[in-house]
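K.L.:
Below you'll find data-v4.pdb; it's PDB, C-alpha atoms.
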```
ATOM      1  CA  MET A 676      -4.445 -20.860   7.284
ATOM      2  CA  LYS A 677      -3.357 -17.610   8.980
ATOM      3  CA  LYS A 678      -5.776 -14.714   8.481
ATOM      4  CA  LEU A 679      -3.932 -11.615   7.255
ATOM      5  CA  LYS A 680      -5.039  -8.065   7.937
ATOM      6  CA  ASN A 681      -6.037  -5.688   5.134
ATOM      7  CA  TYR A 682      -5.290  -1.944   5.271
ATOM      8  CA  ARG A 683      -6.996   0.998   3.591
ATOM      9  CA  HIS A 684      -4.714   4.013   3.525
ATOM     10  CA  GLY A 685      -6.329   6.830   1.536
ATOM     11  CA  ASP A 686      -6.403   5.805  -2.126
ATOM     12  CA  LEU A 687      -4.152   2.782  -1.427
ATOM     13  CA  VAL A 688      -5.257  -0.590  -0.085
ATOM     14  CA  LEU A 689      -3.039  -3.482   1.034
ATOM     15  CA  ILE A 690      -4.667  -6.930   0.795
ATOM     16  CA  GLY A 691      -3.038  -9.717   2.808
ATOM     17  CA  ILE A 692      -2.062 -12.731   0.664
ATOM     18  CA  GLU A 693      -0.306 -16.014   1.439
ATOM     19  CA  LYS A 694       2.806 -15.595  -0.753
ATOM     20  CA  LEU A 695       4.410 -13.556  -3.515
ATOM     21  CA  PRO A 696       3.859 -14.537  -7.134
ATOM     22  CA  GLU A 697       6.986 -15.938  -8.815
ATOM     23  CA  GLY A 698       9.321 -13.983 -11.081
ATOM     24  CA  LEU A 699       9.210 -10.575  -9.382
ATOM     25  CA  THR A 700      12.098  -8.118  -9.064
ATOM     26  CA  GLU A 701      12.470  -6.019  -5.918
ATOM     27  CA  ALA A 702      12.115  -2.254  -6.469
ATOM     28  CA  THR A 703      14.810   0.161  -5.326
ATOM     29  CA  THR A 704      12.327   2.774  -4.032
ATOM     30  CA  LYS A 705      10.441   2.965  -0.736
ATOM     31  CA  GLU A 706       7.496   4.809  -2.353
ATOM     32  CA  LEU A 707       4.489   2.531  -2.880
ATOM     33  CA  ILE A 708       2.319   4.994  -4.770
ATOM     34  CA  ARG A 709       1.770   8.716  -5.171
ATOM     35  CA  GLY A 710      -1.803   9.449  -4.170
ATOM     36  CA  SER A 711      -4.353  11.416  -6.166
ATOM     37  CA  GLY A 712      -3.490  14.485  -4.041
ATOM     38  CA  GLY A 713       0.167  14.185  -5.092
ATOM     39  CA  ASN A 714       1.419  12.945  -1.699
ATOM     40  CA  PRO A 715       3.574   9.791  -1.628
ATOM     41  CA  HIS A 716       2.748   6.692   0.443
ATOM     42  CA  THR A 717       6.191   5.500   1.609
ATOM     43  CA  ILE A 718       7.565   2.763   3.866
ATOM     44  CA  ASP A 719      10.604   2.713   6.115
ATOM     45  CA  ARG A 720      11.360  -1.035   5.849
ATOM     46  CA  GLY A 721      10.133  -3.936   3.756
ATOM     47  CA  GLU A 722      10.342  -5.067   0.153
ATOM     48  CA  ILE A 723       8.306  -3.614  -2.734
ATOM     49  CA  TYR A 724       7.668  -5.462  -5.994
ATOM     50  CA  PHE A 725       5.892  -3.564  -8.790
ATOM     51  CA  LYS A 726       3.837  -5.509 -11.322
ATOM     52  CA  GLU A 727       0.845  -4.080 -13.206
ATOM     53  CA  VAL A 728      -1.665  -6.940 -12.931
ATOM     54  CA  ASN A 729      -4.695  -4.888 -14.006
ATOM     55  CA  GLU A 730      -5.900  -1.289 -13.697
ATOM     56  CA  PHE A 731      -6.114  -1.597  -9.891
ATOM     57  CA  VAL A 732      -3.476  -4.150  -8.751
ATOM     58  CA  PHE A 733       0.001  -2.693  -9.273
ATOM     59  CA  GLY A 734       2.379  -4.719  -7.101
ATOM     60  CA  TYR A 735       3.240  -6.398  -3.805
ATOM     61  CA  LEU A 736       4.754  -5.562  -0.431
ATOM     62  CA  VAL A 737       6.603  -7.857   1.960
ATOM     63  CA  ALA A 738       6.262  -6.110   5.317
ATOM     64  CA  LYS A 739       8.915  -6.756   7.976
ATOM     65  CA  ASP A 740       8.695  -4.340  10.911
ATOM     66  CA  THR A 741       7.238  -1.873   8.399
ATOM     67  CA  THR A 742       5.745   1.562   8.964
ATOM     68  CA  LEU A 743       3.696   3.253   6.238
ATOM     69  CA  ARG A 744       4.047   7.055   6.096
ATOM     70  CA  HIS A 745       1.885   9.724   4.486
ATOM     71  CA  ARG A 746       1.149  13.418   4.926
ATOM     72  CA  GLU A 747      -2.621  12.956   5.513
ATOM     73  CA  HIS A 748      -3.313   9.373   6.708
ATOM     74  CA  GLY A 749      -2.139   7.658   9.878
ATOM     75  CA  LYS A 750      -1.239   8.418  13.465
ATOM     76  CA  LYS A 751       0.539  11.639  14.438
ATOM     77  CA  ILE A 752       3.941  10.963  15.997
ATOM     78  CA  SER A 753       5.384  13.792  18.094
ATOM     79  CA  GLY A 754       8.296  15.483  16.355
ATOM     80  CA  LYS A 755       7.617  13.889  12.958
ATOM     81  CA  GLU A 756       6.151  15.621   9.915
ATOM     82  CA  LEU A 757       4.463  12.577   8.344
ATOM     83  CA  LEU A 758       1.690  10.473   9.851
ATOM     84  CA  GLU A 759       2.440   6.783  10.463
ATOM     85  CA  ALA A 760       0.626   3.446  10.280
ATOM     86  CA  LYS A 761       2.283   0.237  11.485
ATOM     87  CA  ILE A 762       1.783  -2.710   9.080
ATOM     88  CA  ASN A 763       1.693  -6.278  10.418
ATOM     89  CA  ASP A 764       4.466  -8.496   9.055
ATOM     90  CA  GLY A 765       3.293 -10.398   5.984
ATOM     91  CA  VAL A 766       2.804 -10.296   2.229
ATOM     92  CA  TYR A 767       0.360  -7.828   0.670
ATOM     93  CA  GLU A 768      -1.076  -7.129  -2.748
ATOM     94  CA  LEU A 769      -0.973  -3.389  -3.561
ATOM     95  CA  ARG A 770      -4.185  -1.985  -5.041
ATOM     96  CA  ARG A 771      -5.437   1.391  -6.045
ATOM     97  CA  GLN A 772      -8.540   1.923  -3.910
ATOM     98  CA  VAL A 773     -11.690   1.860  -6.061
ATOM     99  CA  GLU A 774     -15.260   3.001  -5.730
ATOM    100  CA  LYS A 775     -18.456   2.211  -7.612
ATOM    101  CA  THR A 776     -19.827   5.214  -9.477
ATOM    102  CA  HIS A 777     -22.709   5.648 -11.922
ATOM    103  CA  GLU A 778     -20.125   5.198 -14.687
ATOM    104  CA  GLY A 779     -18.679   2.001 -13.134
ATOM    105  CA  MET A 780     -15.585   1.263 -11.051
ATOM    106  CA  ALA A 781     -13.115   4.138 -10.701
ATOM    107  CA  PRO A 782      -9.986   4.914  -8.645
ATOM    108  CA  VAL A 783     -10.714   6.753  -5.380
ATOM    109  CA  GLN A 784      -9.895  10.456  -5.553
ATOM    110  CA  ASP A 785      -8.531  11.052  -2.086
TER
END
```
Starting from the file, lay out its structure as structure tokens.
P.N.:
Amino acid sequence: MKKLKNYRHGDLVLIGIEKLPEGLTEATTKELIRGSGGNPHTIDRGEIYFKEVNEFVFGYLVAKDTTLRHREHGKKISGKELLEAKINDGVYELRRQVEKTHEGMAPVQD
């Protein structure tokens, strides 16, 4: 079994999985999620599938030569406004990043 990389990107986390669940419909947007600070996490290429699984898992990404872009997280590229993070090709579960608090699990406020 191939080991897939996981990515934490602010209040978003991508968890590598073996394959997509069945019965999904591809989204027409390139925005994965709008972070708690109001800034969008977007991709340039790849396929997004939204499905609310629970309060934290909200969809899937099939990355194919994909770059993730955000105003605050990633590598600065000369001449570009947004920061970038290259994502290895593969299938990922999209999760809201969570943290344990005295009140229990809660979404990360980035």
K.L.:
Measuring between all atoms listed in the file, which one of A:Lys726, A:Arg683, A:Gly712, A:Gly721 shows the shortest distance to A:Pro696?
P.N.:
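The shortest atom-to-atom distance to A:Pro696 comes from A:Lys726.
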K.L.:
Give me the residues near A:Gly691 as a count of residues only, where near means some atom within 7 Å (using all atoms listed in the file) and where sequence neighbours in that chain fewer than 5 positions away do not count.
P.N.:
6
K.L.:
Rounded to one decimal place, report the atom CA of A:Ile690-atom CA of A:Val732 distance in Å.
P.N.:
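A separation of 10.0 Å between them.
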K.L.:
Tell me which protein, DNA and RNA residues are within 7 Å of A:Asp764, counting only C-alpha atoms, leaving out same-chain ones fewer than 3 positions away, and put them as a PyMOL selection string.
P.N.:
chain A and resi 738-740
K.L.:
So, counting only C-alpha atoms, which residue among A:Leu689, A:Leu769, A:Leu707, A:Leu695 is closest to A:Glu730?
P.N.:
A:Leu769
K.L.:
Quick one: which residues end up in the PyMOL selection byres ((chain A and resi 708) around 12) for this structure, as a PyMOL selection string?
P.N.:
chain A and resi 684-689+704-707+709-718+723-725+731-736+743-745+769-772
K.L.:
Figure out the distance between atom CA of A:Asn763 and atom CA of A:Thr741, please, to one decimal in Å.
P.N.:
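We find that atom CA of A:Thr741 and atom CA of A:Asn763 lie 7.4 Å from each other.
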K.L.:
Between atom CA of A:Asp719 and atom CA of A:Ala760, what is the spacing in Å?
P.N.:
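If I compute the distance from atom CA of A:Ala760 to atom CA of A:Asp719, I get 10.8 Å.
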K.L.:
Complete the atoms of stretch 707-742 of chain A to N, CA and C atoms and put them out as a compact mmCIF listing (two decimals), keeping the file's coordinate frame.
P.N.:
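Contents of selection-v3.txt, as written:
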```
# COMPACT_ATOMS: atom_id res chain seq x y z
N LEU A 707 5.45 3.49 -2.34
CA LEU A 707 4.49 2.53 -2.88
C LEU A 707 3.69 3.14 -4.02
N ILE A 708 3.16 4.33 -3.79
CA ILE A 708 2.32 4.99 -4.77
C ILE A 708 2.24 6.47 -4.40
N ARG A 709 2.03 7.30 -5.41
CA ARG A 709 1.77 8.72 -5.17
C ARG A 709 0.27 8.87 -5.28
N GLY A 710 -0.36 9.35 -4.22
CA GLY A 710 -1.80 9.45 -4.17
C GLY A 710 -2.36 10.48 -5.12
N SER A 711 -3.68 10.49 -5.25
CA SER A 711 -4.35 11.42 -6.17
C SER A 711 -4.12 12.87 -5.77
N GLY A 712 -3.81 13.13 -4.50
CA GLY A 712 -3.49 14.48 -4.04
C GLY A 712 -2.03 14.85 -4.24
N GLY A 713 -1.24 13.93 -4.82
CA GLY A 713 0.17 14.18 -5.09
C GLY A 713 1.11 13.80 -3.97
N ASN A 714 0.58 13.31 -2.83
CA ASN A 714 1.42 12.94 -1.70
C ASN A 714 1.83 11.48 -1.78
N PRO A 715 3.11 11.18 -1.55
CA PRO A 715 3.57 9.79 -1.63
C PRO A 715 3.20 8.96 -0.39
N HIS A 716 2.89 7.69 -0.61
CA HIS A 716 2.75 6.69 0.44
C HIS A 716 4.09 5.96 0.45
N THR A 717 4.86 6.10 1.54
CA THR A 717 6.19 5.50 1.61
C THR A 717 6.29 4.56 2.80
N ILE A 718 7.28 3.66 2.76
CA ILE A 718 7.56 2.76 3.87
C ILE A 718 8.99 2.99 4.34
N ASP A 719 9.24 2.61 5.59
CA ASP A 719 10.60 2.71 6.12
C ASP A 719 11.40 1.43 5.90
N ARG A 720 10.72 0.27 6.01
CA ARG A 720 11.36 -1.03 5.85
C ARG A 720 10.40 -1.95 5.10
N GLY A 721 10.95 -2.99 4.51
CA GLY A 721 10.13 -3.94 3.76
C GLY A 721 10.59 -3.98 2.31
N GLU A 722 9.97 -4.87 1.55
CA GLU A 722 10.34 -5.07 0.15
C GLU A 722 9.13 -4.76 -0.73
N ILE A 723 9.35 -3.97 -1.79
CA ILE A 723 8.31 -3.61 -2.73
C ILE A 723 8.61 -4.29 -4.06
N TYR A 724 7.57 -4.83 -4.67
CA TYR A 724 7.67 -5.46 -5.99
C TYR A 724 6.55 -4.89 -6.85
N PHE A 725 6.91 -4.14 -7.91
CA PHE A 725 5.89 -3.56 -8.79
C PHE A 725 5.58 -4.52 -9.93
N LYS A 726 4.29 -4.72 -10.18
CA LYS A 726 3.84 -5.51 -11.32
C LYS A 726 2.40 -5.09 -11.62
N GLU A 727 2.19 -4.49 -12.80
CA GLU A 727 0.84 -4.08 -13.21
C GLU A 727 0.06 -5.33 -13.57
N VAL A 728 -0.84 -5.75 -12.70
CA VAL A 728 -1.66 -6.94 -12.93
C VAL A 728 -2.92 -6.55 -13.71
N ASN A 729 -3.53 -5.45 -13.31
CA ASN A 729 -4.70 -4.89 -14.01
C ASN A 729 -4.75 -3.41 -13.65
N GLU A 730 -5.87 -2.73 -13.95
CA GLU A 730 -5.90 -1.29 -13.70
C GLU A 730 -5.87 -0.92 -12.21
N PHE A 731 -6.09 -1.88 -11.32
CA PHE A 731 -6.11 -1.60 -9.89
C PHE A 731 -4.96 -2.24 -9.13
N VAL A 732 -4.59 -3.47 -9.43
CA VAL A 732 -3.48 -4.15 -8.75
C VAL A 732 -2.18 -3.76 -9.44
N PHE A 733 -1.23 -3.19 -8.66
CA PHE A 733 0.00 -2.69 -9.27
C PHE A 733 1.27 -3.25 -8.64
N GLY A 734 1.16 -4.17 -7.68
CA GLY A 734 2.38 -4.72 -7.10
C GLY A 734 2.15 -5.41 -5.78
N TYR A 735 3.26 -5.62 -5.04
CA TYR A 735 3.24 -6.40 -3.80
C TYR A 735 4.20 -5.78 -2.79
N LEU A 736 3.91 -6.02 -1.53
CA LEU A 736 4.75 -5.56 -0.43
C LEU A 736 4.99 -6.73 0.51
N VAL A 737 6.27 -6.94 0.88
CA VAL A 737 6.60 -7.86 1.96
C VAL A 737 6.96 -6.98 3.15
N ALA A 738 6.08 -6.97 4.14
CA ALA A 738 6.26 -6.11 5.32
C ALA A 738 7.04 -6.87 6.39
N LYS A 739 8.09 -6.23 6.89
CA LYS A 739 8.91 -6.76 7.98
C LYS A 739 9.24 -5.58 8.88
N ASP A 740 8.52 -5.48 10.00
CA ASP A 740 8.70 -4.34 10.91
C ASP A 740 8.54 -3.03 10.13
N THR A 741 7.46 -2.95 9.36
CA THR A 741 7.24 -1.87 8.40
C THR A 741 6.27 -0.81 8.93
N THR A 742 6.62 0.44 8.67
CA THR A 742 5.74 1.56 8.96
C THR A 742 5.44 2.27 7.65
```
